[in-house]
>>> print(open('data.txt').read())   # compact mmCIF, C-alpha atoms
# COMPACT_ATOMS: atom_id res chain seq x y z
CA MET A 264 3.04 22.86 -0.75
CA LEU A 265 3.73 19.94 1.53
CA ALA A 266 6.96 20.74 3.36
CA LYS A 267 9.92 18.38 3.70
CA ARG A 268 10.26 17.39 7.35
CA ILE A 269 13.33 17.58 9.61
CA ILE A 270 13.21 15.07 12.45
CA PRO A 271 15.62 14.92 15.40
CA CYS A 272 15.82 11.45 16.95
CA LEU A 273 16.36 10.99 20.69
CA ASP A 274 17.59 7.73 22.20
CA VAL A 275 16.00 7.21 25.58
CA LYS A 276 16.79 4.71 28.32
CA ASP A 277 14.82 4.53 31.57
CA GLY A 278 13.31 7.91 30.78
CA ARG A 279 16.64 9.67 30.13
CA THR A 280 18.40 10.62 26.90
CA VAL A 281 21.51 8.49 26.48
CA LYS A 282 23.55 10.45 23.96
CA GLY A 283 25.19 13.65 25.06
CA VAL A 284 23.57 16.91 24.24
CA ASN A 285 25.35 20.22 24.36
CA PHE A 286 23.69 22.55 21.90
CA VAL A 287 21.82 24.78 24.30
CA ASP A 288 21.78 25.77 27.92
CA LEU A 289 19.45 23.13 29.14
CA ARG A 290 18.97 22.81 32.86
CA ASP A 291 19.04 19.07 32.38
CA ALA A 292 20.39 17.83 29.07
CA GLY A 293 19.38 14.30 29.99
CA ASP A 294 15.74 15.24 30.25
CA PRO A 295 14.07 14.21 26.97
CA VAL A 296 11.04 16.39 27.65
CA GLU A 297 13.09 19.54 27.97
CA LEU A 298 15.10 18.60 24.90
CA ALA A 299 11.95 17.86 22.90
CA TYR A 300 10.49 21.20 23.86
CA GLU A 301 13.69 22.96 22.78
CA TYR A 302 13.64 21.21 19.39
CA SER A 303 10.00 22.15 18.86
CA GLN A 304 10.88 25.78 19.58
CA GLN A 305 13.77 25.63 17.10
CA GLY A 306 11.45 24.53 14.30
CA ALA A 307 11.80 20.74 14.24
CA ASP A 308 8.82 19.33 12.34
CA GLU A 309 8.48 16.12 14.25
CA LEU A 310 10.37 14.06 16.83
CA VAL A 311 11.26 10.41 17.13
CA PHE A 312 12.02 8.80 20.49
CA LEU A 313 13.80 5.50 20.35
CA ASP A 314 13.30 3.71 23.65
CA ILE A 315 16.12 1.30 24.45
CA THR A 316 14.88 0.52 27.95
CA ALA A 317 15.24 -3.17 28.70
CA THR A 318 13.29 -3.62 31.91
CA HIS A 319 9.59 -3.75 32.63
CA GLU A 320 9.93 -1.06 35.34
CA GLY A 321 11.68 1.14 32.81
CA ARG A 322 8.80 0.81 30.39
CA LYS A 323 6.51 2.48 32.91
CA THR A 324 8.91 5.40 32.98
CA THR A 325 8.66 5.55 29.20
CA ILE A 326 4.88 5.90 29.37
CA ASP A 327 5.23 8.77 31.83
CA LEU A 328 7.73 10.31 29.42
CA VAL A 329 5.29 10.04 26.50
CA LYS A 330 2.59 11.74 28.55
CA ALA A 331 4.94 14.54 29.55
CA VAL A 332 6.02 15.11 25.94
CA ALA A 333 2.41 15.15 24.72
CA ARG A 334 1.56 17.71 27.38
CA GLN A 335 4.42 20.07 26.65
CA VAL A 336 5.30 19.75 22.97
CA ASN A 337 3.10 21.10 20.17
CA ILE A 338 4.46 19.03 17.27
CA PRO A 339 3.87 15.36 16.43
CA PHE A 340 6.11 12.62 17.77
CA THR A 341 6.75 8.94 17.21
CA ILE A 342 7.92 6.41 19.76
CA GLY A 343 9.73 3.21 18.87
CA GLY A 344 11.41 0.38 20.74
CA GLY A 345 9.93 -2.43 22.79
CA ILE A 346 6.58 -2.50 20.98
CA ASN A 347 5.74 -6.15 20.38
CA GLU A 348 1.98 -6.34 20.52
CA ILE A 349 -1.21 -4.33 20.12
CA LYS A 350 -1.41 -3.75 23.87
CA ASP A 351 1.99 -1.97 23.92
CA ALA A 352 0.89 0.36 21.12
CA ASP A 353 -2.50 1.03 22.69
CA ILE A 354 -0.89 2.23 25.93
CA LEU A 355 1.40 4.61 24.02
CA LEU A 356 -1.47 5.93 21.87
CA ASN A 357 -3.52 6.69 24.96
CA ALA A 358 -0.50 8.39 26.54
CA GLY A 359 -0.47 10.83 23.60
CA ALA A 360 1.97 9.37 21.05
CA ASP A 361 1.06 10.31 17.48
CA LYS A 362 2.71 7.30 15.90
CA ILE A 363 4.52 4.18 16.96
CA SER A 364 7.44 2.64 15.15
CA ILE A 365 7.96 -1.11 14.92
CA ASN A 366 11.09 -2.78 13.62
CA SER A 367 12.24 -6.28 14.63
CA ALA A 368 8.82 -7.23 15.98
CA ALA A 369 7.33 -6.64 12.52
CA VAL A 370 10.00 -8.75 10.84
CA ARG A 371 9.39 -11.61 13.28
CA ASN A 372 5.61 -11.27 13.00
CA PRO A 373 4.62 -9.35 9.84
CA ASP A 374 0.92 -9.72 10.67
CA LEU A 375 1.55 -7.26 13.51
CA ILE A 376 1.52 -4.50 10.86
CA ASN A 377 -1.95 -5.55 9.67
CA GLN A 378 -3.21 -5.77 13.23
CA MET A 379 -1.86 -2.33 14.17
CA ALA A 380 -3.21 -0.68 11.01
CA ALA A 381 -6.63 -2.23 11.55
CA ALA A 382 -6.72 -1.24 15.22
CA PHE A 383 -5.36 2.30 15.01
CA GLY A 384 -5.24 3.32 11.34
CA ALA A 385 -2.30 3.24 8.95
CA GLN A 386 -1.25 6.77 9.91
CA PHE A 387 -0.27 5.50 13.37
CA VAL A 388 2.05 2.76 12.13
CA VAL A 389 5.65 3.53 11.14
CA VAL A 390 7.70 0.54 10.06
CA ALA A 391 11.38 1.12 10.78
CA VAL A 392 13.80 -0.82 8.60
CA ASP A 393 17.56 -1.15 9.19
CA THR A 394 19.40 -2.11 6.03
CA ARG A 395 22.92 -3.04 5.09
CA SER A 396 24.37 -3.68 1.64
CA ILE A 397 26.31 -6.92 1.21
CA GLU A 398 27.90 -7.59 -2.18
CA SER A 399 25.53 -5.12 -3.83
CA GLN A 400 22.45 -6.68 -2.27
CA ASP A 401 20.40 -4.98 0.43
CA PHE A 402 19.37 -7.05 3.44
CA VAL A 403 17.15 -6.21 6.40
CA HIS A 404 19.09 -6.27 9.66
CA LEU A 405 17.81 -6.58 13.22
CA SER A 406 18.95 -5.46 16.66
CA GLY A 407 20.49 -2.17 15.59
CA GLY A 408 22.09 -3.69 12.51
CA ARG A 409 23.91 -6.49 14.31
CA ILE A 410 21.86 -9.42 13.05
CA LYS A 411 21.55 -10.05 9.33
CA THR A 412 18.42 -11.59 7.86
CA GLU A 413 17.98 -13.13 4.42
CA ILE A 414 15.17 -10.67 3.66
CA ASN A 415 15.65 -8.32 0.71
CA THR A 416 15.12 -4.77 1.98
CA LEU A 417 13.00 -3.43 -0.87
CA ASP A 418 10.82 -6.56 -0.85
CA TRP A 419 10.23 -6.11 2.87
CA ILE A 420 9.35 -2.43 2.52
CA LEU A 421 6.85 -3.23 -0.24
CA GLU A 422 5.35 -5.97 1.94
CA ALA A 423 5.10 -3.59 4.92
CA GLN A 424 3.31 -1.04 2.73
CA GLU A 425 0.94 -3.72 1.47
CA ARG A 426 0.19 -4.82 5.03
CA GLY A 427 -0.84 -1.31 6.04
CA ALA A 428 2.23 0.65 7.17
CA GLY A 429 1.58 4.39 7.01
CA GLU A 430 5.21 5.40 6.74
CA ILE A 431 8.68 3.87 6.39
CA LEU A 432 11.72 4.93 8.43
CA LEU A 433 14.71 3.58 6.51
CA THR A 434 18.13 3.57 8.20
CA SER A 435 21.21 2.66 6.20
CA MET A 436 23.53 0.95 8.69
CA ASP A 437 26.41 1.38 6.23
CA HIS A 438 25.99 5.14 6.43
CA ASP A 439 24.84 5.49 10.04
CA GLY A 440 27.49 7.19 12.17
CA THR A 441 29.79 7.95 9.21
CA LYS A 442 28.65 11.57 8.73
CA ASN A 443 29.36 11.08 5.02
CA GLY A 444 25.82 11.72 3.82
CA PHE A 445 22.62 9.75 3.37
CA ASP A 446 22.42 6.61 1.21
CA ASN A 447 20.87 8.57 -1.64
CA GLY A 448 21.08 5.87 -4.30
CA PHE A 449 19.14 3.31 -2.31
CA LEU A 450 16.76 5.87 -0.80
CA LYS A 451 15.79 7.00 -4.29
CA ALA A 452 15.32 3.42 -5.48
CA VAL A 453 12.96 2.79 -2.56
CA ASN A 454 11.17 6.12 -2.75
CA ASP A 455 10.40 5.64 -6.44
CA ARG A 456 8.66 2.37 -5.67
CA ILE A 457 6.43 3.23 -2.71
CA HIS A 458 3.31 5.37 -2.28
CA ILE A 459 3.59 6.02 1.48
CA PRO A 460 5.93 8.61 3.05
CA LEU A 461 9.60 7.71 3.48
CA ILE A 462 11.93 9.04 6.20
CA ALA A 463 15.65 8.91 5.38
CA SER A 464 18.03 8.06 8.22
CA GLY A 465 21.74 7.42 8.61
CA GLY A 466 24.75 9.44 7.55
CA ALA A 467 23.87 13.10 8.11
CA GLY A 468 27.03 15.08 8.78
CA ASN A 469 26.41 18.56 7.42
CA GLN A 470 23.69 20.76 5.93
CA GLN A 471 24.59 19.86 2.35
CA HIS A 472 23.73 16.23 3.09
CA PHE A 473 20.14 17.27 3.79
CA VAL A 474 20.01 19.33 0.58
CA ASP A 475 21.36 16.32 -1.33
CA VAL A 476 18.94 13.79 0.11
CA PHE A 477 15.89 15.93 -0.69
CA GLN A 478 17.09 16.97 -4.15
CA GLN A 479 18.38 13.58 -5.22
CA THR A 480 15.77 11.25 -3.72
CA ASN A 481 12.63 13.35 -3.05
CA VAL A 482 12.09 11.55 0.29
CA ASP A 483 9.51 13.13 2.57
CA ALA A 484 11.62 13.59 5.68
CA ALA A 485 15.18 13.32 6.96
CA LEU A 486 16.12 12.14 10.44
CA ALA A 487 19.33 12.64 12.37
CA ALA A 488 20.55 12.49 15.95
CA SER A 489 24.07 13.53 16.84
CA VAL A 490 24.45 16.44 14.41
CA PHE A 491 21.50 18.05 16.16
CA HIS A 492 22.33 16.97 19.70
CA TYR A 493 25.92 18.21 19.51
CA GLY A 494 24.87 21.48 17.92
CA GLU A 495 26.80 20.83 14.72
CA ILE A 496 23.67 21.74 12.80
CA LEU A 497 21.10 24.16 14.19
CA ILE A 498 17.63 23.56 12.81
CA PRO A 499 16.91 27.24 11.94
CA ASP A 500 20.17 27.36 9.93
CA LEU A 501 19.34 24.09 8.22
CA LYS A 502 15.86 25.29 7.25
CA HIS A 503 17.41 28.46 5.84
CA THR A 504 19.87 26.47 3.74
CA LEU A 505 17.15 24.14 2.46
CA ARG A 506 14.90 27.08 1.53
CA HIS A 507 17.82 28.76 -0.23
CA ASN A 508 18.19 25.59 -2.32
CA GLY A 509 14.56 25.63 -3.38
CA ILE A 510 13.37 22.95 -0.98
CA VAL A 511 9.98 23.62 0.63
CA VAL A 512 10.26 23.72 4.42
CA ARG A 513 8.08 25.08 7.15
CA MET B 126 -16.00 26.49 28.58
CA ILE B 127 -15.35 23.96 25.82
CA GLY B 128 -17.15 20.62 25.83
CA ILE B 129 -15.53 17.70 23.99
CA ILE B 130 -17.86 15.13 22.47
CA ASN B 131 -16.57 11.91 24.05
CA TYR B 132 -17.79 9.17 21.71
CA GLY B 133 -14.74 6.92 21.69
CA ALA B 134 -13.29 7.70 18.26
CA GLY B 135 -9.61 7.88 19.00
CA ASN B 136 -7.35 9.27 21.63
CA ILE B 137 -7.99 12.81 22.83
CA PHE B 138 -5.02 13.16 25.17
CA SER B 139 -3.17 15.41 22.71
CA LEU B 140 -6.20 17.65 22.29
CA THR B 141 -6.78 18.12 26.00
CA ALA B 142 -3.05 18.67 26.50
CA ALA B 143 -3.10 21.45 23.89
CA LEU B 144 -6.12 23.10 25.51
CA GLU B 145 -4.30 23.01 28.85
CA ARG B 146 -1.14 24.51 27.29
CA VAL B 147 -3.07 27.53 26.07
CA GLY B 148 -5.00 27.84 29.33
CA LEU B 149 -8.46 26.78 28.15
CA SER B 150 -10.72 24.77 30.42
CA TYR B 151 -12.81 21.93 29.06
CA GLY B 152 -15.04 19.05 30.03
CA MET B 153 -16.31 15.83 28.48
CA ILE B 154 -19.76 15.38 26.94
CA ASN B 155 -21.14 11.86 27.27
CA THR B 156 -24.86 12.59 27.39
CA ALA B 157 -27.25 15.08 25.77
CA GLU B 158 -27.78 16.85 29.11
CA GLU B 159 -24.07 17.58 29.38
CA ILE B 160 -24.15 19.58 26.13
CA ASP B 161 -25.90 22.38 28.03
CA LEU B 162 -22.96 22.76 30.40
CA TYR B 163 -20.72 24.24 27.70
CA ASP B 164 -20.86 27.30 25.47
CA ARG B 165 -18.86 25.72 22.63
CA ILE B 166 -18.25 22.19 21.45
CA ILE B 167 -15.32 20.27 19.89
CA ILE B 168 -15.92 17.04 17.95
CA PRO B 169 -12.57 15.21 17.78
CA GLY B 170 -11.90 12.09 15.77
CA VAL B 171 -9.17 9.95 14.29
CA GLY B 172 -9.32 6.71 12.38
CA HIS B 173 -12.09 5.45 10.12
CA ALA B 174 -14.85 7.97 9.29
CA GLY B 175 -17.58 5.37 8.81
CA ALA B 176 -16.70 3.71 12.11
CA ALA B 177 -16.58 7.09 13.85
CA MET B 178 -20.06 7.96 12.54
CA ASN B 179 -21.39 4.64 13.86
CA LYS B 180 -19.93 5.40 17.28
CA LEU B 181 -21.44 8.87 17.24
CA ARG B 182 -24.85 7.37 16.41
CA GLU B 183 -24.48 4.88 19.26
CA SER B 184 -23.78 7.77 21.63
CA GLY B 185 -27.30 9.08 20.95
CA LEU B 186 -25.94 12.61 20.52
CA VAL B 187 -26.54 13.00 16.77
CA PRO B 188 -29.91 14.82 16.87
CA TYR B 189 -28.62 17.20 19.55
CA ILE B 190 -25.43 17.99 17.61
CA LYS B 191 -27.44 18.77 14.47
CA GLU B 192 -29.56 21.28 16.37
CA LEU B 193 -26.67 23.10 18.03
CA ARG B 194 -26.57 26.89 17.69
CA LYS B 195 -23.36 27.42 19.68
CA PRO B 196 -19.91 27.27 18.05
CA VAL B 197 -18.90 23.74 17.04
CA LEU B 198 -15.44 22.71 15.82
CA GLY B 199 -14.84 19.35 14.16
CA ILE B 200 -11.22 18.22 14.00
CA CYS B 201 -9.90 15.79 11.34
CA VAL B 202 -12.45 12.95 11.18
CA GLY B 203 -14.60 15.10 13.47
CA MET B 204 -14.72 17.60 10.58
CA GLN B 205 -15.53 14.91 8.04
CA LEU B 206 -18.52 13.90 10.20
CA LEU B 207 -20.07 17.31 9.42
CA THR B 208 -20.32 16.53 5.68
CA ASP B 209 -23.05 14.70 3.73
CA TYR B 210 -21.17 11.54 2.98
CA SER B 211 -17.76 9.87 3.21
CA GLU B 212 -16.23 7.44 0.76
CA GLU B 213 -14.52 5.86 3.77
CA GLY B 214 -17.01 3.12 4.61
CA GLU B 215 -19.48 4.69 2.10
CA ALA B 216 -21.09 6.29 5.12
CA GLU B 217 -23.86 8.83 5.49
CA MET B 218 -22.65 11.60 7.80
CA LEU B 219 -24.30 14.45 9.75
CA LYS B 220 -25.22 16.42 6.60
CA LEU B 221 -24.49 19.82 8.11
CA PHE B 222 -22.46 20.80 5.03
CA PRO B 223 -23.56 19.83 1.48
CA LEU B 224 -20.08 18.45 0.81
CA LYS B 225 -18.52 15.05 0.28
CA THR B 226 -15.49 13.42 1.92
CA LEU B 227 -13.46 11.74 -0.81
CA HIS B 228 -10.39 9.50 -1.02
CA PHE B 229 -7.03 10.82 -2.25
CA GLU B 230 -6.19 8.76 -5.29
CA ALA B 231 -2.54 7.75 -5.28
CA GLY B 232 -0.73 9.32 -8.20
CA VAL B 233 -3.05 12.32 -8.37
CA ALA B 234 -2.19 13.73 -4.99
CA GLY B 235 1.26 12.29 -4.36
CA LYS B 236 1.74 9.93 -1.47
CA VAL B 237 -1.20 8.78 0.61
CA PRO B 238 -1.68 9.43 3.50
CA HIS B 239 -1.12 13.17 3.08
CA MET B 240 1.19 13.42 6.08
CA GLY B 241 3.15 16.42 7.31
CA TRP B 242 3.09 20.19 7.32
CA ASN B 243 1.28 21.94 4.50
CA SER B 244 0.54 25.62 3.93
CA ILE B 245 -3.03 26.87 3.65
CA SER B 246 -4.76 29.79 1.89
CA ILE B 247 -7.01 31.46 4.41
CA GLN B 248 -10.34 33.11 3.55
CA ALA B 249 -10.31 36.71 4.74
CA ASN B 250 -12.10 37.66 7.96
CA ASN B 251 -12.90 34.18 9.17
CA PRO B 252 -12.76 34.46 12.97
CA LEU B 253 -11.26 30.98 13.31
CA PHE B 254 -8.10 32.28 11.63
CA ALA B 255 -7.76 35.63 13.40
CA ASN B 256 -4.10 36.50 14.03
CA ILE B 257 -2.92 33.61 11.84
CA GLU B 258 -0.93 34.55 8.76
CA ASP B 259 -2.08 33.43 5.34
CA GLN B 260 0.06 30.51 4.07
CA SER B 261 0.81 29.32 7.61
CA TYR B 262 1.76 25.67 7.95
CA PHE B 263 -0.44 23.15 9.76
CA TYR B 264 0.08 19.46 10.47
CA PHE B 265 -2.06 17.09 8.40
CA VAL B 266 -2.40 13.32 8.47
CA HIS B 267 -5.27 11.91 6.44
CA SER B 268 -6.16 9.81 3.42
CA TYR B 269 -9.62 11.30 2.84
CA TYR B 270 -10.38 14.96 2.13
CA ILE B 271 -13.35 17.27 1.91
CA GLU B 272 -13.89 18.73 -1.54
CA TYR B 273 -13.08 22.38 -2.14
CA ASP B 274 -16.17 24.59 -2.32
CA THR B 275 -16.19 28.38 -2.70
CA ALA B 276 -19.23 28.72 -0.43
CA PHE B 277 -18.00 26.69 2.53
CA THR B 278 -14.19 26.39 2.34
CA ALA B 279 -12.66 28.68 4.97
CA ALA B 280 -9.09 27.66 4.18
CA LYS B 281 -7.82 25.85 1.11
CA CYS B 282 -4.92 23.45 0.89
CA ASP B 283 -3.37 21.94 -2.23
CA TYR B 284 -2.21 18.37 -2.51
CA GLY B 285 -2.32 17.58 -6.21
CA LEU B 286 -5.79 19.09 -6.09
CA PRO B 287 -7.38 21.82 -4.00
CA PHE B 288 -9.29 20.61 -0.93
CA SER B 289 -10.82 22.09 2.22
CA ALA B 290 -8.31 22.55 5.03
CA ALA B 291 -11.12 24.26 6.94
CA ILE B 292 -14.84 24.74 6.42
CA SER B 293 -17.36 27.03 8.07
CA LYS B 294 -21.10 27.59 7.92
CA ASP B 295 -23.03 29.57 10.54
CA ASN B 296 -21.92 28.15 13.92
CA PHE B 297 -20.22 25.06 12.47
CA PHE B 298 -16.47 24.95 11.81
CA GLY B 299 -14.20 22.12 10.80
CA VAL B 300 -10.45 21.71 10.31
CA GLN B 301 -8.79 18.81 8.51
CA PHE B 302 -5.40 19.44 10.13
CA HIS B 303 -4.56 18.86 13.79
CA PRO B 304 -4.40 22.22 15.60
CA GLU B 305 -3.21 20.41 18.73
CA LYS B 306 -0.06 19.33 16.81
CA SER B 307 0.43 22.40 14.61
CA GLY B 308 2.79 24.51 16.69
CA LYS B 309 1.91 28.08 17.59
CA ALA B 310 -0.51 28.53 14.67
CA GLY B 311 -2.54 25.58 15.90
CA GLU B 312 -2.60 26.91 19.45
CA GLN B 313 -3.76 30.29 18.14
CA LEU B 314 -6.59 28.58 16.27
CA LEU B 315 -7.78 26.87 19.47
CA LEU B 316 -7.67 30.22 21.26
CA ASN B 317 -9.64 31.81 18.42
CA PHE B 318 -12.31 29.13 18.65
CA SER B 319 -12.61 29.76 22.38
CA THR B 320 -13.57 33.39 21.76
CA ILE B 321 -15.71 33.16 18.61
CA GLN B 322 -18.88 35.23 18.99
CA LEU B 323 -21.74 34.45 16.63
CA ASP B 324 -23.82 37.27 15.18
>>> encode(input="data.txt", output="structure tokens")
Amino acid sequence: MLAKRIIPCLDVKDGRTVKGVNFVDLRDAGDPVELAYEYSQQGADELVFLDITATHEGRKTTIDLVKAVARQVNIPFTIGGGINEIKDADILLNAGADKISINSAAVRNPDLINQMAAAFGAQFVVVAVDTRSIESQDFVHLSGGRIKTEINTLDWILEAQERGAGEILLTSMDHDGTKNGFDNGFLKAVNDRIHIPLIASGGAGNQQHFVDVFQQTNVDAALAASVFHYGEILIPDLKHTLRHNGIVVR
Amino acid sequence: MIGIINYGAGNIFSLTAALERVGLSYGMINTAEEIDLYDRIIIPGVGHAGAAMNKLRESGLVPYIKELRKPVLGICVGMQLLTDYSEEGEAEMLKLFPLKTLHFEAGVAGKVPHMGWNSISIQANNPLFANIEDQSYFYFVHSYYIEYDTAFTAAKCDYGLPFSAAISKDNFFGVQFHPEKSGKAGEQLLLNFSTIQLD
């Protein structure tokens, strides 16, 4: 059976992780490569790196980082942030990234999804969507949830799928950082409508939240950052709990 | 030493990185003469199967690959190239296995692409899977699959229907999953391939 995936997400700036990490005795907790290796050893199924580097010089560091991760880590990983054109994606692919994630750039230029899928295959293209609910309507947001658009979230996800996205990473900004659980109602509504894999993001606070999101929405994967980085949830324990609840995990 | 057929179908950085992690040396095969430098061959491949077959034809290596008697491992699209035919691009392939590469129909198989870790049922005594437990998980990402066949399927996977996770026939082997991204089990498989002795 296809296993449900658990995905730690690492925020990276200028080649360094920006959120604190204190779950293991790492020599250098700011080193994303060492952290990625540790997660792979713990049983993470996949990794996402979100690059928030602003400068051109920093982007070169990111490419070195991607190469180092590809050399040392034996599970797939996605890199997102700062990818605006085919050329950006091509460099990351050749550096060993398994997938790239595009967010605002795809909203500004939806044809980018078609171009990426045609150039590299749908399996390489993750479309990340940040959503917020306003008066019971879901709207796509940009720039980490700060900028509201008039685009209906489900409509946008269906369009992204139609244009050739291989996977959707859906973050509920209303739930993100709350540790009160995933946005299961909306995740289920989206998951029931699409035929490509869906990664749930935003709101994980304890192991039960992962059980709930898989049981209630049947999404393909769940992503979290701080609960893993701060050691509040250890991946082997989480896998055990999921298995105990009848959820297929690796 | 392992030779990698370098015909331009997708990025091979992850593959070479995995070979380095497990301590295997390798080189690139660009011409027919270079095939003789290696005692076993990997055919990688990602992307569109029809397009990959066209690139392989352009490389001029097709007749030499078909005649190979040393161990050959096709990975992902590289495995699909070994079959008769692919629905992706309605393309004629190398015809080393009398099997077809078919498209996962949405609804039958669940979501397409089939993406993530799936467990496989391993045929007993296949040297490619030595020291790998039955029902181990491997990382898959594909929208086309090779039909299940009792004669040639070396490992079976289920995704709404049974399909070939691995095939083998004489010196030819193929895996649909990505051993270079499949944790320790994948690394073991690469090590196994590096030591396969043919009768």
>>> residues_around(input="data.txt", residues="B:Gln322", least_positions_apart="5", cutoff="12 Å", atoms="all atoms listed in the file", output="number ranges by chain")
B: 164-165, 194-197, 251-253, 295-296, 317
>>> closest_residue(input="data.txt", among="B:Val171, B:Ala249, B:Leu221, B:Ile166", to="B:Phe265", atoms="all atoms listed in the file")
B:Val171
>>> closest_atom_pairs(input="data.txt", of="chain A", to="chain B", cutoff="7 Å", atoms="all atoms listed in the file", output="tab-separated table")
residue	atom	partner	partner_atom	distance
A:Met264	CA	B:Asn243	CA	5.6
A:Leu265	CA	B:Asn243	CA	4.3
A:Ala266	CA	B:Trp242	CA	5.6
A:Ala333	CA	B:Ser139	CA	5.9
A:Arg334	CA	B:Ala142	CA	4.8
A:Asn337	CA	B:Gly308	CA	4.9
A:Ile338	CA	B:Lys306	CA	4.6
A:Pro339	CA	B:Lys306	CA	5.6
A:Leu356	CA	B:Asn136	CA	6.8
A:Asn357	CA	B:Asn136	CA	5.7
A:Ala358	CA	B:Phe138	CA	6.7
A:Gly359	CA	B:Phe138	CA	5.3
A:Phe383	CA	B:Gly172	CA	6.5
A:Gly384	CA	B:Gly172	CA	5.4
A:Gln386	CA	B:Val266	CA	6.8
A:Gly429	CA	B:Pro238	CA	7.0
A:His458	CA	B:Lys236	CA	4.9
A:Ile459	CA	B:Lys236	CA	5.2
A:Pro460	CA	B:Lys236	CA	6.3
A:Arg513	CA	B:Tyr262	CA	6.4
>>> closest_residue(input="data.txt", among="A:Ala368, A:Phe473, A:Val390, A:Gln304", to="A:Leu432", atoms="only C-alpha atoms")
A:Val390
>>> residues_around(input="data.txt", residues="B:Ile127", least_positions_apart="2", cutoff="9 Å", atoms="only C-alpha atoms", output="PyMOL selection string")
chain B and resi 129+149-153+162-167+319
>>> residues_around(input="data.txt", residues="A:Val370", least_positions_apart="2", cutoff="12 Å", atoms="all atoms listed in the file", output="ChimeraX atom specification")
/A:347,365-368,372-376,390-393,403-406,411-416,418-420,422-423
>>> atom_distance(input="data.txt", atom1="atom CA of A:Arg371", atom2="atom CA of A:Thr434")
18.2 Å
>>> closest_residue(input="data.txt", among="A:Ala299, A:Leu313, A:Leu355, A:Leu328", to="A:Asp274", atoms="only C-alpha atoms")
A:Leu313
>>> atom_distance(input="data.txt", atom1="atom CA of A:Gly408", atom2="atom CA of A:Asn481")
24.9 Å
>>> atom_distance(input="data.txt", atom1="atom CA of A:Ala484", atom2="atom CA of A:Ile270")
7.1 Å
>>> closest_residue(input="data.txt", among="A:Thr316, A:Gln470, A:Asn377, A:Gln479", to="A:Pro499", atoms="all atoms listed in the file")
A:Gln470
>>> residues_around(input="data.txt", residues="A:His319", least_positions_apart="6", cutoff="12 Å", atoms="all atoms listed in the file", output="PyMOL selection string")
chain A and resi 276-277+325-326+345+351
>>> residues_around(input="data.txt", residues="A:Thr341", least_positions_apart="3", cutoff="10 Å", atoms="all atoms listed in the file", output="JSON, numbers by chain")
{"A": [272, 309, 310, 311, 312, 313, 329, 355, 356, 359, 360, 361, 362, 363, 364, 387, 388, 389]}
>>> closest_residue(input="data.txt", among="A:Gly427, A:Gly444, A:Gly278, A:Gly321", to="A:Gln378", atoms="only C-alpha atoms")
A:Gly427
>>> closest_residue(input="data.txt", among="B:Val300, B:Ala174, B:Ile190, B:Ala290", to="B:Glu215", atoms="all atoms listed in the file")
B:Ala174
>>> axis_aligned_box(input="data.txt", around="stretch 429-447 of chain A", padding_each_side="8 Å", output="JSON")
{"center_x": 15.7, "center_y": 6.3, "center_z": 5.3, "size_x": 44.2, "size_y": 26.8, "size_z": 29.8}
>>> decode(input="data.txt", residues="stretch 152-159 of chain B", atoms="N, CA, C and O atoms", output="PDB file, in the first residue's frame")
ATOM      1  N   GLY B 152      31.365   5.485 -14.382  1.00  0.00           N
ATOM      2  CA  GLY B 152      31.777   6.409 -15.437  1.00  0.00           C
ATOM      3  C   GLY B 152      30.613   6.610 -16.391  1.00  0.00           C
ATOM      4  O   GLY B 152      29.576   5.950 -16.272  1.00  0.00           O
ATOM      5  N   MET B 153      30.786   7.542 -17.322  1.00  0.00           N
ATOM      6  CA  MET B 153      29.715   7.879 -18.258  1.00  0.00           C
ATOM      7  C   MET B 153      29.974   7.233 -19.623  1.00  0.00           C
ATOM      8  O   MET B 153      31.107   7.221 -20.115  1.00  0.00           O
ATOM      9  N   ILE B 154      28.891   6.729 -20.218  1.00  0.00           N
ATOM     10  CA  ILE B 154      28.988   6.120 -21.549  1.00  0.00           C
ATOM     11  C   ILE B 154      28.326   7.053 -22.562  1.00  0.00           C
ATOM     12  O   ILE B 154      27.118   7.274 -22.520  1.00  0.00           O
ATOM     13  N   ASN B 155      29.130   7.612 -23.446  1.00  0.00           N
ATOM     14  CA  ASN B 155      28.609   8.482 -24.500  1.00  0.00           C
ATOM     15  C   ASN B 155      28.705   7.832 -25.881  1.00  0.00           C
ATOM     16  O   ASN B 155      27.966   8.201 -26.787  1.00  0.00           O
ATOM     17  N   THR B 156      29.627   6.895 -26.012  1.00  0.00           N
ATOM     18  CA  THR B 156      29.829   6.263 -27.322  1.00  0.00           C
ATOM     19  C   THR B 156      29.852   4.742 -27.154  1.00  0.00           C
ATOM     20  O   THR B 156      30.058   4.225 -26.043  1.00  0.00           O
ATOM     21  N   ALA B 157      29.659   4.028 -28.261  1.00  0.00           N
ATOM     22  CA  ALA B 157      29.630   2.567 -28.224  1.00  0.00           C
ATOM     23  C   ALA B 157      30.942   1.997 -27.674  1.00  0.00           C
ATOM     24  O   ALA B 157      30.942   1.017 -26.918  1.00  0.00           O
ATOM     25  N   GLU B 158      32.055   2.626 -28.027  1.00  0.00           N
ATOM     26  CA  GLU B 158      33.365   2.135 -27.567  1.00  0.00           C
ATOM     27  C   GLU B 158      33.451   2.157 -26.040  1.00  0.00           C
ATOM     28  O   GLU B 158      34.074   1.285 -25.434  1.00  0.00           O
ATOM     29  N   GLU B 159      32.823   3.164 -25.449  1.00  0.00           N
ATOM     30  CA  GLU B 159      32.926   3.307 -23.988  1.00  0.00           C
ATOM     31  C   GLU B 159      32.179   2.207 -23.236  1.00  0.00           C
ATOM     32  O   GLU B 159      32.433   1.979 -22.052  1.00  0.00           O
TER      33      GLU B 159
END
